[in-house]
Amino acid sequence: MTTFDEFRTNVRIAIHAFDGMTMFHLSTPLAVFGEVTRSGLAEWETAVFSDDGQPVRTAEGLLIADISGPEVADEADLLIFPSWPTDLPPAEQPLVDMVAAAHGRGATIAGLCLGTFPVAHSGLLDGRTAVTHWLKSDALASQAPNVQVRPAALYIDHGDVLTSAGTASALDACLHLVRTSLGAEVATAVARRLVIAPHRDGGQAQYIERPLDDGTVDEGPIGAAMDWALHHLEEPLTIEALGEQVQMSPRNFSRRFREYAGVSPAKWILARRLDEARRLLETTELPISEVAEACGFASPVTFRQNFVTAYGTTPTAYRHHFSDVEATRMSG
């Protein structure tokens with residue numbers, strides 16, 4: 001199966017629109033992927049389409065007339081559903097067939113926010129994990145019982161199918177696709193131009209309403225511990241060491257961290273180490289052993305094992321791949 005990251009510099013993107021969708025949901029993929037092209041970072045072509053090729057009126061009352069028909073999905077490398085009607089109707093058969101055909105010829109399918117629903121209706125998420133806006137997680141589980149709904153995630157990427165949580169999480173998911181395809185430096189450049197955070201990991205928790213033990217929020221100390229960890233990735237970052245930075249016991253710190261981040265400290269730290277490793281592989285010529293040491297891995301072997309598990313390729317192959325992409329981009 002061809003995945004999105006193999007298309008890289010020349011990508012055709014088809015974005016589904018419908019009457020009553022909000023401008024924010026429609027504009028999110030247009031803003032992120034359009035910035036890639038506007039900034040000269042790659043040639044990514046976006047097209048908005050409706051089910052019948054007719055204009056759509058947004059929830060804000062604006063009429064969008066420059067709309068393509070569903071045929072643009074036939075040649076799309078990336079097919080995006082940025083939202084879905086709030087009454088959550090089942091996807092009609094022509095749309096289901098469109099998704100199946102696009103996926104079958106190698107296109108990546110993305111459901112952002114409520115756009116997860118038509119992707120789930122197509123059956124592509126059966127037996128897989130998925131996420132949508134947390135308010136509609138129960139509805140997704142009911143409509144798609146074969147899908148493993150993960151209410152706390154920001155986005156989940158299976159390579160050929162991606163889903164994201166609500167609203168701003170769609171920005172994170174779109175930036176993730178840019179990062180996967182063009183590298184961390186390009187994604188950071190796009191984020192900087194849009195004045196948004198360059199990276200939030202897909203495993204980070206949504207802002208879900210839930211009771212806390214004593215009515216307090218630990219964003220201050222946990223955030224401080226995260227910031228400290230990011231500046232000390234080369235060190236052994238044990239729960240004891242992290243908790244000590246904010247005067248918390250290991251047990252209390254671990255519990256509070258999970259409440260705040262949605263993942264364990266160990267999983268979050270591993271993800272950050274791998275993020276930094278990718279950045280160093282993309283932007284420096286440091287030997288693999290030095291990259292491993294700088295990112296806090298016990299040995300190059302441990303680094304390689306974790307890298308292969310996370311990305312399905314070795315650090316060396318990853319570096320060569322991005323070197324080739326950068327050379328192609330600069331020559332173009």
# chains A, B, ... in the order shown; residues from 1 in each chain; ligands from 1

call {"tool": "residues_around", "arguments": {"residues": "A:Leu230", "least_positions_apart": "2", "cutoff": "12 Å", "atoms": "only C-alpha atoms", "output": "short mmCIF file (atom, residue, chain, number, x, y, z; two decimals) with all heavy atoms, in the first residue's frame"}}
result
data_model
loop_
_atom_site.label_atom_id
_atom_site.label_comp_id
_atom_site.auth_asym_id
_atom_site.auth_seq_id
_atom_site.Cartn_x
_atom_site.Cartn_y
_atom_site.Cartn_z
N GLY A 223 3.59 21.06 33.16
CA GLY A 223 4.17 21.78 32.03
C GLY A 223 5.62 22.15 32.27
O GLY A 223 6.45 22.08 31.37
N ALA A 224 5.93 22.56 33.49
CA ALA A 224 7.32 22.90 33.83
C ALA A 224 8.22 21.69 33.73
O ALA A 224 9.36 21.77 33.25
CB ALA A 224 7.37 23.50 35.23
N ALA A 225 7.72 20.54 34.19
CA ALA A 225 8.52 19.31 34.11
C ALA A 225 8.75 18.91 32.66
O ALA A 225 9.85 18.46 32.29
CB ALA A 225 7.81 18.19 34.86
N MET A 226 7.72 19.08 31.82
CA MET A 226 7.88 18.77 30.40
C MET A 226 8.94 19.67 29.77
O MET A 226 9.80 19.21 29.01
CB MET A 226 6.54 18.96 29.67
CG MET A 226 5.51 17.88 29.94
SD MET A 226 3.97 18.27 29.07
CE MET A 226 3.17 16.66 29.07
N ASP A 227 8.87 20.94 30.09
CA ASP A 227 9.83 21.88 29.52
C ASP A 227 11.25 21.53 29.96
O ASP A 227 12.20 21.57 29.15
CB ASP A 227 9.48 23.30 29.97
CG ASP A 227 10.40 24.34 29.33
OD1 ASP A 227 10.33 24.52 28.11
OD2 ASP A 227 11.18 24.96 30.08
N TRP A 228 11.41 21.17 31.22
CA TRP A 228 12.73 20.77 31.71
C TRP A 228 13.22 19.53 30.99
O TRP A 228 14.39 19.45 30.59
CB TRP A 228 12.66 20.52 33.22
CG TRP A 228 13.97 20.12 33.80
CD1 TRP A 228 14.99 20.94 34.20
CD2 TRP A 228 14.42 18.77 34.04
NE1 TRP A 228 16.05 20.19 34.68
CE2 TRP A 228 15.73 18.86 34.59
CE3 TRP A 228 13.86 17.52 33.85
CZ2 TRP A 228 16.46 17.73 34.94
CZ3 TRP A 228 14.59 16.39 34.19
CH2 TRP A 228 15.88 16.49 34.73
N HIS A 232 16.69 18.44 28.56
CA HIS A 232 17.62 17.47 29.15
C HIS A 232 17.37 16.06 28.58
O HIS A 232 17.48 15.06 29.30
CB HIS A 232 17.47 17.44 30.68
CG HIS A 232 17.84 18.73 31.34
ND1 HIS A 232 16.99 19.82 31.40
CD2 HIS A 232 18.99 19.12 31.96
CE1 HIS A 232 17.58 20.81 32.04
NE2 HIS A 232 18.80 20.42 32.38
N LEU A 233 17.07 15.98 27.30
CA LEU A 233 16.75 14.69 26.70
C LEU A 233 17.92 13.72 26.76
O LEU A 233 17.73 12.50 26.74
CB LEU A 233 16.32 14.88 25.24
CG LEU A 233 14.95 15.52 25.01
CD1 LEU A 233 14.71 15.74 23.53
CD2 LEU A 233 13.84 14.66 25.61
N GLU A 234 19.15 14.24 26.86
CA GLU A 234 20.32 13.37 26.87
C GLU A 234 20.50 12.69 28.22
O GLU A 234 21.31 11.75 28.34
CB GLU A 234 21.57 14.17 26.52
CG GLU A 234 22.08 15.11 27.61
CD GLU A 234 21.28 16.40 27.73
OE1 GLU A 234 20.29 16.56 26.97
OE2 GLU A 234 21.63 17.24 28.57
N GLU A 235 19.75 13.11 29.23
CA GLU A 235 19.90 12.56 30.57
C GLU A 235 18.91 11.41 30.81
O GLU A 235 17.91 11.29 30.11
CB GLU A 235 19.67 13.66 31.61
CG GLU A 235 20.65 14.82 31.50
CD GLU A 235 20.37 15.89 32.53
OE1 GLU A 235 19.60 15.63 33.47
OE2 GLU A 235 20.92 17.00 32.38
N LEU A 237 15.89 10.28 32.13
CA LEU A 237 14.71 11.00 32.61
C LEU A 237 13.75 10.03 33.30
O LEU A 237 12.74 9.61 32.73
CB LEU A 237 14.03 11.72 31.43
CG LEU A 237 14.87 12.80 30.76
CD1 LEU A 237 14.15 13.37 29.55
CD2 LEU A 237 15.23 13.90 31.75
N LEU A 242 11.95 13.57 37.17
CA LEU A 242 10.95 14.54 36.73
C LEU A 242 10.14 15.06 37.90
O LEU A 242 9.89 16.27 38.02
CB LEU A 242 10.03 13.89 35.69
CG LEU A 242 10.67 13.58 34.34
CD1 LEU A 242 9.76 12.69 33.51
CD2 LEU A 242 11.00 14.84 33.58
N TRP A 268 5.71 9.53 26.61
CA TRP A 268 5.88 10.90 26.14
C TRP A 268 7.36 11.22 25.91
O TRP A 268 7.72 11.82 24.90
CB TRP A 268 5.28 11.87 27.16
CG TRP A 268 5.35 13.30 26.74
CD1 TRP A 268 4.46 13.98 25.96
CD2 TRP A 268 6.38 14.24 27.08
NE1 TRP A 268 4.86 15.26 25.79
CE2 TRP A 268 6.04 15.47 26.46
CE3 TRP A 268 7.54 14.16 27.85
CZ2 TRP A 268 6.83 16.62 26.59
CZ3 TRP A 268 8.33 15.31 27.97
CH2 TRP A 268 7.98 16.52 27.36
N ILE A 269 8.21 10.79 26.83
CA ILE A 269 9.64 11.05 26.69
C ILE A 269 10.21 10.33 25.47
O ILE A 269 11.01 10.90 24.71
CB ILE A 269 10.39 10.62 27.97
CG1 ILE A 269 10.04 11.58 29.12
CG2 ILE A 269 11.90 10.60 27.74
CD1 ILE A 269 10.47 11.08 30.48
N LEU A 270 9.81 9.09 25.26
CA LEU A 270 10.29 8.36 24.08
C LEU A 270 9.89 9.09 22.81
O LEU A 270 10.70 9.23 21.87
CB LEU A 270 9.72 6.95 24.07
CG LEU A 270 10.04 6.10 22.83
CD1 LEU A 270 11.56 5.96 22.65
CD2 LEU A 270 9.37 4.74 22.91
N ALA A 271 8.65 9.59 22.75
CA ALA A 271 8.20 10.31 21.56
C ALA A 271 9.01 11.58 21.34
O ALA A 271 9.37 11.92 20.21
CB ALA A 271 6.71 10.65 21.70
N ARG A 272 9.33 12.29 22.42
CA ARG A 272 10.12 13.51 22.29
C ARG A 272 11.55 13.19 21.86
O ARG A 272 12.16 13.93 21.08
CB ARG A 272 10.14 14.28 23.61
CG ARG A 272 8.78 14.70 24.14
CD ARG A 272 8.09 15.76 23.30
NE ARG A 272 7.55 15.25 22.06
CZ ARG A 272 6.45 14.46 21.99
NH1 ARG A 272 5.80 14.11 23.09
NH2 ARG A 272 6.01 14.06 20.83
N ARG A 273 12.10 12.11 22.37
CA ARG A 273 13.46 11.71 21.96
C ARG A 273 13.48 11.36 20.48
O ARG A 273 14.43 11.71 19.77
CB ARG A 273 13.93 10.55 22.83
CG ARG A 273 14.38 10.98 24.22
CD ARG A 273 14.74 9.84 25.12
NE ARG A 273 15.48 10.32 26.29
CZ ARG A 273 15.54 9.71 27.44
NH1 ARG A 273 14.91 8.55 27.62
NH2 ARG A 273 16.25 10.24 28.44
N LEU A 274 12.47 10.67 20.03
CA LEU A 274 12.39 10.32 18.62
C LEU A 274 12.17 11.55 17.75
O LEU A 274 12.72 11.64 16.64
CB LEU A 274 11.29 9.29 18.39
CG LEU A 274 11.57 7.89 18.94
CD1 LEU A 274 10.31 7.04 18.88
CD2 LEU A 274 12.71 7.23 18.17
N ASP A 275 11.39 12.50 18.24
CA ASP A 275 11.22 13.76 17.51
C ASP A 275 12.55 14.46 17.32
O ASP A 275 12.89 14.93 16.23
CB ASP A 275 10.28 14.70 18.29
CG ASP A 275 8.83 14.33 18.14
OD1 ASP A 275 8.49 13.58 17.20
OD2 ASP A 275 8.02 14.78 18.97
N GLU A 276 13.30 14.58 18.41
CA GLU A 276 14.60 15.25 18.34
C GLU A 276 15.56 14.47 17.45
O GLU A 276 16.36 15.06 16.70
CB GLU A 276 15.19 15.41 19.74
CG GLU A 276 16.57 16.05 19.79
CD GLU A 276 16.61 17.47 19.29
OE1 GLU A 276 15.53 18.05 19.00
OE2 GLU A 276 17.71 18.02 19.18
N ALA A 294 22.77 12.09 22.08
CA ALA A 294 22.17 13.41 22.28
C ALA A 294 20.69 13.33 22.63
O ALA A 294 20.16 14.22 23.30
CB ALA A 294 22.35 14.26 21.03
N CYS A 295 20.04 12.26 22.21
CA CYS A 295 18.62 12.11 22.45
C CYS A 295 18.31 11.22 23.65
O CYS A 295 17.13 10.95 23.94
CB CYS A 295 17.93 11.56 21.21
SG CYS A 295 18.06 12.68 19.79
N GLY A 296 19.34 10.74 24.33
CA GLY A 296 19.12 10.01 25.57
C GLY A 296 18.91 8.52 25.43
O GLY A 296 18.46 7.87 26.40
#

call {"tool": "select_by_dssp", "arguments": {"residues": "stretch 63-230 of chain A", "states": "helix (DSSP H, G or I)", "output": "ChimeraX atom specification"}}
result
/A:70-75,93-104,113-121,134-143,168-182,184-194,219-230

call {"tool": "residues_around", "arguments": {"residues": "A:Asp52", "least_positions_apart": "5", "cutoff": "9 Å", "atoms": "only C-alpha atoms", "output": "list in words"}}
result
Ser68, Gly69 and Pro70 of chain A

call {"tool": "write_last_selection", "arguments": {"atoms": "N, CA, C and O atoms", "output": "compact mmCIF listing (two decimals), in the first residue's frame"}}
result
# COMPACT_ATOMS: atom_id res chain seq x y z
N SER A 68 -15.52 22.00 -7.07
CA SER A 68 -15.37 20.92 -8.05
C SER A 68 -16.37 19.81 -7.77
O SER A 68 -17.03 19.79 -6.73
N GLY A 69 -16.48 18.91 -8.71
CA GLY A 69 -17.31 17.74 -8.52
C GLY A 69 -16.53 16.59 -7.92
O GLY A 69 -15.30 16.67 -7.76
N PRO A 70 -17.21 15.52 -7.56
CA PRO A 70 -16.54 14.39 -6.90
C PRO A 70 -15.47 13.72 -7.75
O PRO A 70 -14.67 12.95 -7.24

call {"tool": "closest_residue", "arguments": {"among": "A:Pro300, A:Pro265, A:Gly34, A:Pro221", "to": "A:Thr238", "atoms": "only C-alpha atoms"}}
result
A:Pro265

call {"tool": "residues_around", "arguments": {"residues": "A:Leu281", "least_positions_apart": "6", "cutoff": "8 Å", "atoms": "only C-alpha atoms", "output": "MDAnalysis selection string"}}
result
chainID A and resid 291 315 318:319

call {"tool": "closest_residue", "arguments": {"among": "A:Ala120, A:Val190, A:Ser27, A:Leu162", "to": "A:Leu175", "atoms": "only C-alpha atoms"}}
result
A:Val190

call {"tool": "atom_distance", "arguments": {"atom1": "atom CA of A:Glu71", "atom2": "atom CA of A:Ser164"}}
result
24.9 Å

call {"tool": "residues_around", "arguments": {"residues": "A:Val56", "least_positions_apart": "4", "cutoff": "7 Å", "atoms": "only C-alpha atoms", "output": "ChimeraX atom specification"}}
result
/A:18-19,63-65
